[in-house]
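The file target_24.cif comes next; it holds mmCIF, C-alpha atoms (C1' of nucleotides).
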```
data_work
loop_
_atom_site.label_atom_id
_atom_site.label_comp_id
_atom_site.auth_asym_id
_atom_site.auth_seq_id
_atom_site.Cartn_x
_atom_site.Cartn_y
_atom_site.Cartn_z
CA MET A 1 0.00 0.00 0.00
CA THR A 2 2.10 2.86 1.32
CA SER A 3 5.43 1.82 -0.13
CA THR A 4 7.96 4.29 1.29
CA ARG A 5 10.56 3.99 -1.43
CA SER A 6 13.67 6.08 -1.89
CA TYR A 7 13.54 9.77 -2.63
CA HIS A 8 10.72 10.84 -4.90
CA HIS A 9 8.31 8.84 -2.84
CA GLY A 10 6.71 7.44 -5.99
CA ASP A 11 3.24 6.99 -4.58
CA LEU A 12 2.81 10.05 -2.44
CA ARG A 13 -0.63 11.03 -3.64
CA ARG A 14 -2.13 7.66 -2.85
CA ALA A 15 -0.21 7.40 0.43
CA LEU A 16 -1.45 10.80 1.57
CA LEU A 17 -5.06 9.95 0.79
CA ALA A 18 -4.76 6.69 2.70
CA ALA A 19 -3.10 8.43 5.62
CA ALA A 20 -5.83 11.07 5.63
CA ALA A 21 -8.53 8.41 5.76
CA ASP A 22 -6.72 6.65 8.61
CA ALA A 23 -6.16 9.84 10.60
CA MET A 24 -9.75 10.98 10.21
CA ALA A 25 -11.14 7.58 11.14
CA GLU A 26 -9.08 7.78 14.31
CA SER A 27 -9.51 11.35 15.47
CA GLY A 28 -12.26 12.87 13.37
CA PRO A 29 -12.04 15.31 10.51
CA ALA A 30 -11.44 18.38 12.66
CA ALA A 31 -8.08 17.11 13.87
CA LEU A 32 -6.73 16.49 10.38
CA SER A 33 -3.33 18.10 9.80
CA LEU A 34 -1.46 18.20 6.53
CA ARG A 35 1.83 18.23 8.39
CA ASP A 36 0.82 15.13 10.29
CA LEU A 37 -0.01 13.36 7.04
CA ALA A 38 3.37 14.36 5.66
CA ARG A 39 5.05 12.92 8.76
CA ARG A 40 3.11 9.67 8.39
CA ALA A 41 4.21 9.39 4.78
CA GLY A 42 7.80 10.25 5.66
CA VAL A 43 8.03 13.37 3.53
CA SER A 44 8.56 17.04 4.28
CA HIS A 45 5.75 19.27 5.46
CA ALA A 46 5.38 21.01 2.11
CA ALA A 47 5.24 17.92 -0.07
CA PRO A 48 1.42 17.52 0.03
CA ALA A 49 0.93 20.96 -1.47
CA HIS A 50 2.40 19.86 -4.76
CA HIS A 51 -0.18 17.11 -5.21
CA PHE A 52 -3.27 18.78 -3.81
CA GLY A 53 -2.55 22.49 -3.69
CA ASP A 54 -4.01 22.99 -0.25
CA LYS A 55 -6.06 21.24 2.39
CA ALA A 56 -9.30 21.72 0.49
CA GLY A 57 -7.67 20.13 -2.53
CA LEU A 58 -6.77 17.02 -0.58
CA LEU A 59 -10.28 16.74 0.83
CA THR A 60 -11.72 17.23 -2.65
CA ALA A 61 -9.70 14.25 -3.83
CA LEU A 62 -10.79 12.24 -0.81
CA ALA A 63 -14.46 13.05 -1.41
CA THR A 64 -14.13 12.15 -5.08
CA GLN A 65 -12.60 8.82 -4.13
CA GLY A 66 -15.47 8.39 -1.69
CA PHE A 67 -18.15 8.85 -4.33
CA GLU A 68 -16.36 6.34 -6.55
CA LEU A 69 -16.19 3.82 -3.71
CA LEU A 70 -19.87 4.38 -2.95
CA GLY A 71 -20.68 3.74 -6.60
CA GLU A 72 -18.78 0.46 -6.49
CA ALA A 73 -20.55 -0.58 -3.28
CA LEU A 74 -23.96 0.16 -4.79
CA ARG A 75 -23.16 -1.71 -7.98
CA ALA A 76 -21.95 -4.72 -5.97
CA ALA A 77 -25.22 -4.75 -4.01
CA GLY A 78 -27.17 -5.65 -7.13
CA ASP A 79 -30.73 -4.82 -8.01
CA ASP A 80 -32.49 -5.30 -4.68
CA LEU A 81 -33.49 -1.96 -3.24
CA ARG A 82 -33.20 -2.97 0.39
CA GLU A 83 -29.75 -4.43 -0.10
CA SER A 84 -28.68 -1.24 -1.81
CA GLY A 85 -29.68 0.62 1.32
CA VAL A 86 -27.73 -1.83 3.47
CA ALA A 87 -24.76 -1.33 1.18
CA TYR A 88 -25.03 2.44 1.64
CA VAL A 89 -24.82 2.01 5.41
CA GLY A 90 -22.04 -0.54 5.03
CA PHE A 91 -20.05 1.89 2.93
CA ALA A 92 -20.48 4.64 5.52
CA VAL A 93 -19.27 2.39 8.33
CA ARG A 94 -16.39 0.86 6.40
CA HIS A 95 -15.22 4.16 4.89
CA ARG A 96 -16.30 6.57 7.58
CA ALA A 97 -13.66 9.19 6.77
CA HIS A 98 -14.68 9.32 3.11
CA PHE A 99 -18.35 9.40 4.04
CA GLU A 100 -17.93 12.20 6.54
CA VAL A 101 -16.08 14.40 4.08
CA MET A 102 -18.41 13.71 1.17
CA PHE A 103 -21.34 15.40 2.85
CA ARG A 104 -19.44 18.36 4.26
CA PRO A 105 -19.05 20.59 1.20
CA ASP A 106 -17.66 23.44 3.27
CA LEU A 107 -14.46 21.40 3.56
CA TYR A 108 -13.71 20.99 -0.13
CA ARG A 109 -14.33 22.41 -3.60
CA ALA A 110 -17.77 21.16 -4.46
CA ASP A 111 -17.52 22.45 -8.04
CA ASP A 112 -14.48 20.36 -8.91
CA PRO A 113 -15.21 18.61 -12.23
CA ASP A 114 -13.94 15.18 -11.21
CA LEU A 115 -15.89 15.34 -7.99
CA VAL A 116 -19.09 16.45 -9.68
CA ALA A 117 -18.81 13.60 -12.16
CA ALA A 118 -18.25 10.96 -9.47
CA ARG A 119 -21.13 12.34 -7.41
CA GLU A 120 -23.49 12.32 -10.38
CA ARG A 121 -22.64 8.70 -11.12
CA ALA A 122 -23.29 7.58 -7.55
CA GLY A 123 -26.49 9.60 -7.37
CA GLU A 124 -27.81 8.05 -10.58
CA LEU A 125 -27.21 4.57 -9.16
CA LEU A 126 -29.27 5.45 -6.11
CA ARG A 127 -32.17 6.85 -8.12
CA SER A 128 -32.26 4.06 -10.65
CA GLY A 129 -32.37 1.45 -7.90
CA VAL A 130 -35.41 3.05 -6.34
CA ALA A 131 -37.12 3.55 -9.69
CA ARG A 132 -36.80 -0.16 -10.43
CA HIS A 133 -38.49 -1.08 -7.16
CA THR A 134 -41.47 1.27 -6.83
CA GLY A 135 -43.87 2.37 -9.49
CA ARG A 136 -45.37 5.69 -8.54
CA GLU A 137 -43.54 8.95 -7.87
CA PRO A 138 -39.98 7.68 -7.88
CA ASP A 139 -38.80 11.12 -6.82
CA VAL A 140 -40.44 10.99 -3.43
CA ASP A 141 -39.58 7.35 -2.94
CA SER A 142 -35.94 7.82 -3.74
CA LEU A 143 -35.77 10.86 -1.50
CA ALA A 144 -37.30 8.90 1.36
CA ALA A 145 -35.00 5.96 0.77
CA TRP A 146 -31.91 8.13 0.60
CA SER A 147 -32.96 10.05 3.70
CA ILE A 148 -33.56 6.99 5.84
CA VAL A 149 -30.31 5.23 5.02
CA HIS A 150 -28.30 8.43 5.17
CA GLY A 151 -29.84 9.37 8.50
CA PHE A 152 -29.25 5.95 9.96
CA ALA A 153 -25.63 5.93 8.82
CA THR A 154 -25.01 9.43 10.14
CA LEU A 155 -26.56 8.70 13.53
CA TRP A 156 -24.61 5.46 13.76
CA LEU A 157 -21.31 7.17 13.01
CA ALA A 158 -22.09 9.93 15.48
CA GLY A 159 -22.59 7.33 18.20
CA ALA A 160 -26.03 8.82 18.78
CA LEU A 161 -28.00 5.57 18.65
CA PRO A 162 -28.93 3.78 21.87
CA ALA A 163 -27.19 0.52 22.74
CA ARG A 164 -30.29 -1.57 22.17
CA VAL A 165 -29.87 -1.13 18.42
CA GLY A 166 -27.17 -3.75 18.68
CA PRO A 167 -23.61 -4.02 17.41
CA ASP A 168 -24.30 -4.73 13.73
CA PRO A 169 -25.16 -1.60 11.77
CA GLU A 170 -26.07 -3.44 8.58
CA ALA A 171 -28.50 -5.78 10.30
CA ALA A 172 -30.16 -2.88 12.07
CA ALA A 173 -30.30 -0.92 8.83
CA ARG A 174 -32.04 -3.84 7.12
CA THR A 175 -34.76 -3.79 9.77
CA VAL A 176 -35.22 -0.04 9.53
CA ILE A 177 -35.39 -0.08 5.74
CA GLY A 178 -38.05 -2.75 6.03
CA ARG A 179 -40.30 -0.18 7.68
CA LEU A 180 -40.13 2.05 4.62
CA PHE A 181 -40.32 -0.67 1.94
CA PRO A 182 -42.14 -3.62 3.49
CA MET B 1 -28.83 40.61 22.06
CA THR B 2 -25.09 41.19 22.08
CA SER B 3 -25.02 44.29 24.27
CA THR B 4 -21.43 45.52 24.20
CA ARG B 5 -21.44 47.40 27.49
CA SER B 6 -18.46 48.95 29.25
CA TYR B 7 -15.61 46.85 30.52
CA HIS B 8 -16.54 43.51 32.01
CA HIS B 9 -18.68 42.79 29.01
CA GLY B 10 -21.49 41.56 31.21
CA ASP B 11 -22.95 39.08 28.78
CA LEU B 12 -19.88 37.56 27.20
CA ARG B 13 -20.88 33.94 27.50
CA ARG B 14 -24.14 34.47 25.68
CA ALA B 15 -22.55 36.81 23.14
CA LEU B 16 -19.84 34.28 22.33
CA LEU B 17 -22.34 31.48 21.82
CA ALA B 18 -24.40 33.69 19.53
CA ALA B 19 -21.30 34.76 17.61
CA ALA B 20 -20.24 31.14 17.27
CA ALA B 21 -23.63 30.17 15.85
CA ASP B 22 -23.47 33.08 13.40
CA ALA B 23 -19.93 32.34 12.30
CA MET B 24 -20.62 28.65 11.79
CA ALA B 25 -23.81 29.31 9.88
CA GLU B 26 -21.79 31.53 7.56
CA SER B 27 -18.59 29.60 7.01
CA GLY B 28 -19.12 26.14 8.43
CA PRO B 29 -17.82 24.62 11.62
CA ALA B 30 -14.31 24.00 10.35
CA ALA B 31 -13.57 27.70 9.98
CA LEU B 32 -14.57 28.53 13.55
CA SER B 33 -11.91 30.55 15.39
CA LEU B 34 -12.02 31.49 19.04
CA ARG B 35 -10.04 34.62 18.30
CA ASP B 36 -12.52 35.64 15.64
CA LEU B 37 -15.36 35.21 18.11
CA ALA B 38 -13.49 37.36 20.60
CA ARG B 39 -13.05 40.05 17.96
CA ARG B 40 -16.75 39.93 17.10
CA ALA B 41 -17.62 40.37 20.77
CA GLY B 42 -15.08 43.16 21.18
CA VAL B 43 -12.96 41.44 23.81
CA SER B 44 -9.40 40.19 23.94
CA HIS B 45 -8.38 36.90 22.43
CA ALA B 46 -8.07 35.14 25.77
CA ALA B 47 -11.44 36.15 27.18
CA PRO B 48 -13.36 33.14 25.87
CA ALA B 49 -11.11 30.77 27.77
CA HIS B 50 -12.43 31.98 31.10
CA HIS B 51 -16.01 31.04 30.22
CA PHE B 52 -15.49 27.83 28.29
CA GLY B 53 -11.98 26.66 29.09
CA ASP B 54 -11.14 25.79 25.51
CA LYS B 55 -12.71 25.35 22.09
CA ALA B 56 -14.26 22.02 22.97
CA GLY B 57 -15.83 23.66 26.01
CA LEU B 58 -17.49 26.30 23.89
CA LEU B 59 -18.80 23.70 21.46
CA THR B 60 -20.06 21.61 24.37
CA ALA B 61 -22.09 24.58 25.54
CA LEU B 62 -23.36 25.19 22.02
CA ALA B 63 -24.41 21.56 21.63
CA THR B 64 -26.16 21.64 25.00
CA GLN B 65 -28.04 24.74 23.97
CA GLY B 66 -28.90 22.96 20.74
CA PHE B 67 -30.46 19.97 22.49
CA GLU B 68 -32.49 22.34 24.64
CA LEU B 69 -33.71 24.24 21.58
CA LEU B 70 -34.57 20.96 19.87
CA GLY B 71 -36.58 19.94 22.91
CA GLU B 72 -38.52 23.19 22.79
CA ALA B 73 -39.19 22.76 19.07
CA LEU B 74 -40.48 19.23 19.58
CA ARG B 75 -42.72 20.27 22.48
CA ALA B 76 -44.12 23.13 20.41
CA ALA B 77 -44.96 20.73 17.59
CA GLY B 78 -47.52 18.97 19.75
CA ASP B 79 -48.62 15.36 19.66
CA ASP B 80 -48.76 14.71 15.92
CA LEU B 81 -45.92 12.45 14.89
CA ARG B 82 -45.53 13.83 11.39
CA GLU B 83 -45.45 17.42 12.61
CA SER B 84 -42.80 16.44 15.13
CA GLY B 85 -40.71 15.24 12.24
CA VAL B 86 -41.29 18.47 10.36
CA ALA B 87 -40.28 20.36 13.50
CA TYR B 88 -37.06 18.33 13.67
CA VAL B 89 -36.19 19.41 10.14
CA GLY B 90 -37.28 22.97 10.85
CA PHE B 91 -34.99 23.09 13.85
CA ALA B 92 -32.05 21.83 11.81
CA VAL B 93 -32.60 24.47 9.15
CA ARG B 94 -33.24 27.34 11.52
CA HIS B 95 -30.39 26.43 13.89
CA ARG B 96 -28.00 24.81 11.50
CA ALA B 97 -24.88 25.62 13.53
CA HIS B 98 -26.31 24.03 16.66
CA PHE B 99 -27.53 21.02 14.69
CA GLU B 100 -24.21 20.45 12.99
CA VAL B 101 -22.29 20.51 16.25
CA MET B 102 -24.76 18.33 18.16
CA PHE B 103 -24.06 15.30 16.00
CA ARG B 104 -20.32 15.70 15.80
CA PRO B 105 -19.18 14.40 19.17
CA ASP B 106 -15.54 14.56 18.17
CA LEU B 107 -15.80 18.33 18.51
CA TYR B 108 -16.95 18.53 22.11
CA ARG B 109 -17.06 16.67 25.43
CA ALA B 110 -19.87 14.20 24.96
CA ASP B 111 -19.75 13.15 28.61
CA ASP B 112 -20.48 16.61 29.98
CA PRO B 113 -23.30 16.26 32.55
CA ASP B 114 -25.35 19.22 31.35
CA LEU B 115 -25.08 18.06 27.77
CA VAL B 116 -26.01 14.48 28.60
CA ALA B 117 -29.09 15.68 30.48
CA ALA B 118 -30.27 17.93 27.66
CA ARG B 119 -29.69 15.18 25.12
CA GLU B 120 -31.63 12.65 27.18
CA ARG B 121 -34.58 15.02 27.47
CA ALA B 122 -34.73 15.65 23.73
CA GLY B 123 -34.32 11.96 22.95
CA GLU B 124 -37.17 11.05 25.28
CA LEU B 125 -39.44 13.52 23.49
CA LEU B 126 -38.65 11.87 20.19
CA ARG B 127 -39.34 8.36 21.46
CA SER B 128 -42.52 9.21 23.28
CA GLY B 129 -43.93 10.91 20.19
CA VAL B 130 -43.40 7.78 18.12
CA ALA B 131 -44.73 5.51 20.83
CA ARG B 132 -47.98 7.48 20.93
CA HIS B 133 -48.50 7.04 17.21
CA THR B 134 -47.67 3.43 16.42
CA GLY B 135 -48.56 0.36 18.38
CA ARG B 136 -46.10 -2.37 17.59
CA GLU B 137 -42.34 -2.32 18.13
CA PRO B 138 -41.88 1.33 19.01
CA ASP B 139 -38.13 0.82 19.00
CA VAL B 140 -37.90 0.10 15.30
CA ASP B 141 -40.50 2.71 14.44
CA SER B 142 -38.78 5.45 16.39
CA LEU B 143 -35.44 4.49 14.88
CA ALA B 144 -36.90 4.65 11.39
CA ALA B 145 -38.59 7.98 12.09
CA TRP B 146 -35.48 9.51 13.59
CA SER B 147 -33.36 8.21 10.72
CA ILE B 148 -35.57 9.59 7.98
CA VAL B 149 -35.91 13.09 9.41
CA HIS B 150 -32.29 13.25 10.46
CA GLY B 151 -31.15 12.07 7.05
CA PHE B 152 -33.36 14.52 5.24
CA ALA B 153 -32.17 17.40 7.41
CA THR B 154 -28.52 16.44 6.98
CA LEU B 155 -28.78 16.10 3.22
CA TRP B 156 -30.63 19.39 2.99
CA LEU B 157 -27.98 21.22 5.00
CA ALA B 158 -25.23 19.64 2.95
CA GLY B 159 -26.83 20.99 -0.20
CA ALA B 160 -26.87 17.44 -1.53
CA LEU B 161 -30.52 17.34 -2.58
CA PRO B 162 -31.47 18.00 -6.20
CA ALA B 163 -33.22 21.25 -7.07
CA ARG B 164 -36.50 19.54 -7.88
CA VAL B 165 -37.08 19.00 -4.15
CA GLY B 166 -38.08 22.65 -4.03
CA PRO B 167 -37.15 25.58 -1.83
CA ASP B 168 -39.18 24.69 1.27
CA PRO B 169 -37.48 22.05 3.42
CA GLU B 170 -40.39 21.61 5.79
CA ALA B 171 -42.91 21.01 3.02
CA ALA B 172 -40.61 18.48 1.38
CA ALA B 173 -40.00 16.82 4.74
CA ARG B 174 -43.74 16.47 5.28
CA THR B 175 -44.05 14.61 1.99
CA VAL B 176 -41.15 12.33 2.75
CA ILE B 177 -42.39 11.51 6.23
CA GLY B 178 -45.74 10.62 4.68
CA ARG B 179 -44.01 7.74 2.92
CA LEU B 180 -42.95 6.24 6.24
CA PHE B 181 -46.15 6.92 8.20
CA PRO B 182 -49.00 7.11 5.66
"C1'" DG C 1 24.46 12.97 -21.81
"C1'" DA C 2 22.13 17.61 -21.89
"C1'" DG C 3 17.90 19.83 -21.02
"C1'" DC C 4 13.69 19.98 -18.74
"C1'" DA C 5 9.69 19.17 -16.07
"C1'" DA C 6 8.01 16.90 -12.07
"C1'" DT C 7 8.74 16.11 -7.40
"C1'" DC C 8 10.37 17.10 -2.96
"C1'" DT C 9 12.95 20.13 0.71
"C1'" DT C 10 14.16 24.05 3.43
"C1'" DG C 11 12.94 28.42 5.11
"C1'" DT C 12 9.66 31.82 6.33
"C1'" DC C 13 5.28 34.26 7.79
"C1'" DA C 14 0.59 35.11 9.62
"C1'" DT C 15 -2.88 32.88 12.27
"C1'" DT C 16 -4.52 29.98 15.77
"C1'" DG C 17 -5.26 27.56 20.43
"C1'" DG C 18 -3.69 27.44 24.85
"C1'" DC C 19 -1.29 28.88 29.01
"C1'" DA C 20 0.66 32.19 32.58
"C1'" DA C 21 0.78 36.41 34.94
"C1'" DG C 22 -1.17 40.65 35.86
"C1'" DA C 23 -4.82 44.46 35.68
"C1'" DT C 24 -9.63 45.92 36.32
"C1'" DT C 25 -14.19 45.55 38.00
"C1'" DG C 26 -18.03 44.53 40.94
"C1'" DC C 27 -19.65 42.17 45.05
"C1'" DT C 28 -19.59 41.25 50.10
"C1'" DC C 29 -19.08 42.12 54.65
"C1'" DC C 30 -17.56 44.89 58.38
"C1'" DG D 1 -18.26 54.01 53.12
"C1'" DG D 2 -14.32 51.30 52.31
"C1'" DA D 3 -11.25 47.11 52.59
"C1'" DG D 4 -10.86 42.62 50.87
"C1'" DC D 5 -11.79 39.27 47.54
"C1'" DA D 6 -13.35 36.66 43.69
"C1'" DA D 7 -14.78 36.97 39.03
"C1'" DT D 8 -13.73 38.80 34.74
"C1'" DC D 9 -10.81 40.45 31.26
"C1'" DT D 10 -6.01 41.83 29.18
"C1'" DT D 11 -1.32 41.42 27.72
"C1'" DG D 12 2.39 38.51 26.56
"C1'" DC D 13 4.14 34.37 25.15
"C1'" DC D 14 4.85 29.59 22.90
"C1'" DA D 15 4.22 25.57 19.84
"C1'" DA D 16 1.66 23.99 15.89
"C1'" DT D 17 -0.49 24.74 11.56
"C1'" DG D 18 -1.50 26.19 6.56
"C1'" DA D 19 0.33 28.50 2.92
"C1'" DC D 20 3.80 30.40 0.07
"C1'" DA D 21 8.56 31.16 -2.10
"C1'" DA D 22 12.89 29.61 -3.59
"C1'" DG D 23 15.99 26.11 -4.30
"C1'" DA D 24 17.62 21.10 -4.62
"C1'" DT D 25 17.03 16.40 -6.42
"C1'" DT D 26 15.28 13.03 -9.46
"C1'" DG D 27 13.70 10.83 -13.60
"C1'" DC D 28 12.10 11.38 -18.33
"C1'" DT D 29 12.93 12.82 -23.22
"C1'" DC D 30 15.40 13.67 -27.14
#
```

Kindly return the structure encoded in the file as structure tokens.
Amino acid sequence: MTSTRSYHHGDLRRALLAAAADAMAESGPAALSLRDLARRAGVSHAAPAHHFGDKAGLLTALATQGFELLGEALRAAGDDLRESGVAYVGFAVRHRAHFEVMFRPDLYRADDPDLVAARERAGELLRSGVARHTGREPDVDSLAAWSIVHGFATLWLAGALPARVGPDPEAAARTVIGRLFP
Amino acid sequence: MTSTRSYHHGDLRRALLAAAADAMAESGPAALSLRDLARRAGVSHAAPAHHFGDKAGLLTALATQGFELLGEALRAAGDDLRESGVAYVGFAVRHRAHFEVMFRPDLYRADDPDLVAARERAGELLRSGVARHTGREPDVDSLAAWSIVHGFATLWLAGALPARVGPDPEAAARTVIGRLFP
DNA sequence: GAGCAATCTTGTCATTGGCAAGATTGCTCC
DNA sequence: GGAGCAATCTTGCCAATGACAAGATTGCTC
């Protein structure tokens, strides 16, 4: 993964993104420090700037990667609407750093072309899955479906849910989704 | 509101909380600066420390205030479950800074006694509202209800929803909630 | 192998959060 | 009314951070 080669790191961009995801999963997005990422990657404190410009640039790249990963997760979940919802929650739990950045547009450049494209692709997957399942008013249905899985994932990540929900977020999500699409 | 009196500001704690909510509503929580808040309140850069200790202390107070405001909003919405959900979304939109901090426990001290008490009170209001409405398995129902309104509010604040949802978050929320509790 | 662009480093600056020490104010009690 | 005292606020300082500028090193191209 993070092969610390000789000089000219060789894989700095990828290593920095991975380090950012690790650091944010540990200590939250507020504590993220470019200099700390540089230390983790074994490079100087100014090296990240060349690849990402500034902090917002790095988070833009991380969010873009997140939307691509979400797209993959949704595709892997297949055609079943409920399992797509479970996959959404699973993605949020497994890639919590990506997920948390993706929906915080004040942290990155939301008009970045690559990011917009990746977000559109993931959004289309969500909508098409709902449209396949329900007949009438797919707009409202997809909005409700997105809201319920996004809300569940967010509350889970925030640690806001009571203990009785149990330790398995995907199982709990499946039950909750069943209330919306019986 | 923020009465800048003589020396010994007189209302610094409240003024700083209000300034923090304003600043975060403008530029997001990441850009929050204690020194900027002090400037807005017309005091020195170290004054906030006396009232809140540090940044996490200020955000703990803001989150506590947020849970109290949410409780008031839910009480004002009355007994109807759907209107409670609309009130939840309305609170998030009207007090977006409070809402954003409340569900980001990495920013504050989640074990603060005052905060825990305010959070418990608001959570009980949510659960009791759902329990009044549905008969069976209030746990799952309340989890689904909380998830769908929380998700809708979060997506709205993130600017992630498509334009066709319309300009009125509470009206759109009412429609979405209708899908869960027809 | 020379030239060149990409990559990385060192050095610097303004800003920030946090701490320590001191000044000012308002309250209490005699 | 005033002395003492605690709360409040200020000034001064330090380490860490993000961002920028200028220079060094590497690898690619011709």

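Across B:Gly90, B:Leu69, B:Arg104, B:Arg82, the tightest approach to Val176 in chain B is made by B:Arg82 when counting all atoms listed in the file.
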
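With distances taken over only C-alpha atoms, A:Gly151 is the one residue among A:Gly151, A:Gly78, A:Gly123, A:Gly85 lying closest to chain B.
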
Kindly determine which residues of chain A lie within 8 Å of chain B, considering all atoms listed in the file, and give the answer as JSON, numbers by chain.
{"A": [27, 28, 30, 103, 104, 105, 106, 107, 140, 141, 143, 144, 146, 147, 148, 149, 150, 151, 152, 154, 155, 158, 159, 160, 175, 176, 177, 179, 180]}

Compile a residue-level contact table for chain D against chain A at a cut-off of 8 Å, reporting for every qualifying residue the shortest atom pair and its distance in Å to one decimal, with only C-alpha atoms (C1' of nucleotides) counted, rows ordered by chain and ascending number, as CSV.
```
residue,atom,partner,partner_atom,distance
D:DT17,C1',A:Ser33,CA,7.4
D:DG18,C1',A:Lys55,CA,7.9
D:DA19,C1',A:Asp54,CA,7.7
D:DT26,C1',A:His8,CA,6.8
```

Written selection (C-alpha atoms (C1' of nucleotides)) as an mmCIF file, keeping the file's coordinate frame:
```cif
data_model
loop_
_atom_site.group_PDB
_atom_site.id
_atom_site.type_symbol
_atom_site.label_atom_id
_atom_site.label_comp_id
_atom_site.auth_asym_id
_atom_site.auth_seq_id
_atom_site.Cartn_x
_atom_site.Cartn_y
_atom_site.Cartn_z
ATOM 1 C "C1'" DT D 17 -0.490 24.740 11.560
ATOM 2 C "C1'" DG D 18 -1.500 26.190 6.560
ATOM 3 C "C1'" DA D 19 0.330 28.500 2.920
ATOM 4 C "C1'" DT D 26 15.280 13.030 -9.460
#
```

Out of C:DG26, C:DG18, C:DG1, C:DG11, which residue has the shortest atom-to-atom distance to chain A when counting all atoms listed in the file?
C:DG11

Can you translate the PyMOL selection byres ((chain C) within 8 of (chain B)) into the concrete residues it hits in this file, as a PyMOL selection string?
chain C and resi 16-18+25

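Taking CA of Asp79 in chain B as the reference point, CA of Pro113 in chain B is found at 28.4 Å.
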
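Distance-wise, CA of His98 in chain B and CA of Phe99 in chain A end up 20.9 Å apart.
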
Report, as lines of an AutoDock Vina configuration file, the centre and edge lengths in Å (one decimal) of the axis-aligned box enclosing every listed atom of range 97-100 of chain B, padded by 3 Å on each side.
```
center_x = -25.9
center_y = 23.0
center_z = 14.8
size_x = 9.3
size_y = 11.2
size_z = 9.7
```

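Rounded to one decimal, C1' of DC4 in chain C and CA of Pro48 in chain A lie 22.6 Å from each other.
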
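Using only C-alpha atoms for every distance, the candidate list A:Gly57, A:Pro138, A:Gly10, A:Gly66 yields A:Gly66 as the residue closest to Tyr88 in chain A.
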
Where does the PyMOL selection byres ((chain C and resi 6-8) around 12) land in this file, that is, which residues does it pick, as a VMD selection string?
(chain A and resid 6 to 13 38 42 to 51) or (chain C and resid 4 to 5 9 to 10) or (chain D and resid 23 to 28)

Within 12 Å of DA21 in chain C using only C-alpha atoms (C1' of nucleotides), minus same-chain residues under 3 positions, as a PyMOL selection string:
chain D and resi 10-13

Could you please take those selected residues and save C-alpha atoms (C1' of nucleotides) as an mmCIF file, in the frame of the given file?
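Written output follows (again02.cif):
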```cif
data_model
loop_
_atom_site.group_PDB
_atom_site.id
_atom_site.type_symbol
_atom_site.label_atom_id
_atom_site.label_comp_id
_atom_site.auth_asym_id
_atom_site.auth_seq_id
_atom_site.Cartn_x
_atom_site.Cartn_y
_atom_site.Cartn_z
ATOM 1 C "C1'" DT D 10 -6.010 41.830 29.180
ATOM 2 C "C1'" DT D 11 -1.320 41.420 27.720
ATOM 3 C "C1'" DG D 12 2.390 38.510 26.560
ATOM 4 C "C1'" DC D 13 4.140 34.370 25.150
#
```

Which residues would end up in the selection if the PyMOL selection byres ((chain D and resi 5) around 9) were applied here, given that I need the answer as an NGL selection string?
(:C and (27-28)) or (:D and (4 or 6))

Output file for the residues above (C-alpha atoms (C1' of nucleotides), as a compact mmCIF listing (two decimals), keeping the file's coordinate frame):
```txt
# COMPACT_ATOMS: atom_id res chain seq x y z
C1' DC C 27 -19.65 42.17 45.05
C1' DT C 28 -19.59 41.25 50.10
C1' DG D 4 -10.86 42.62 50.87
C1' DA D 6 -13.35 36.66 43.69
```
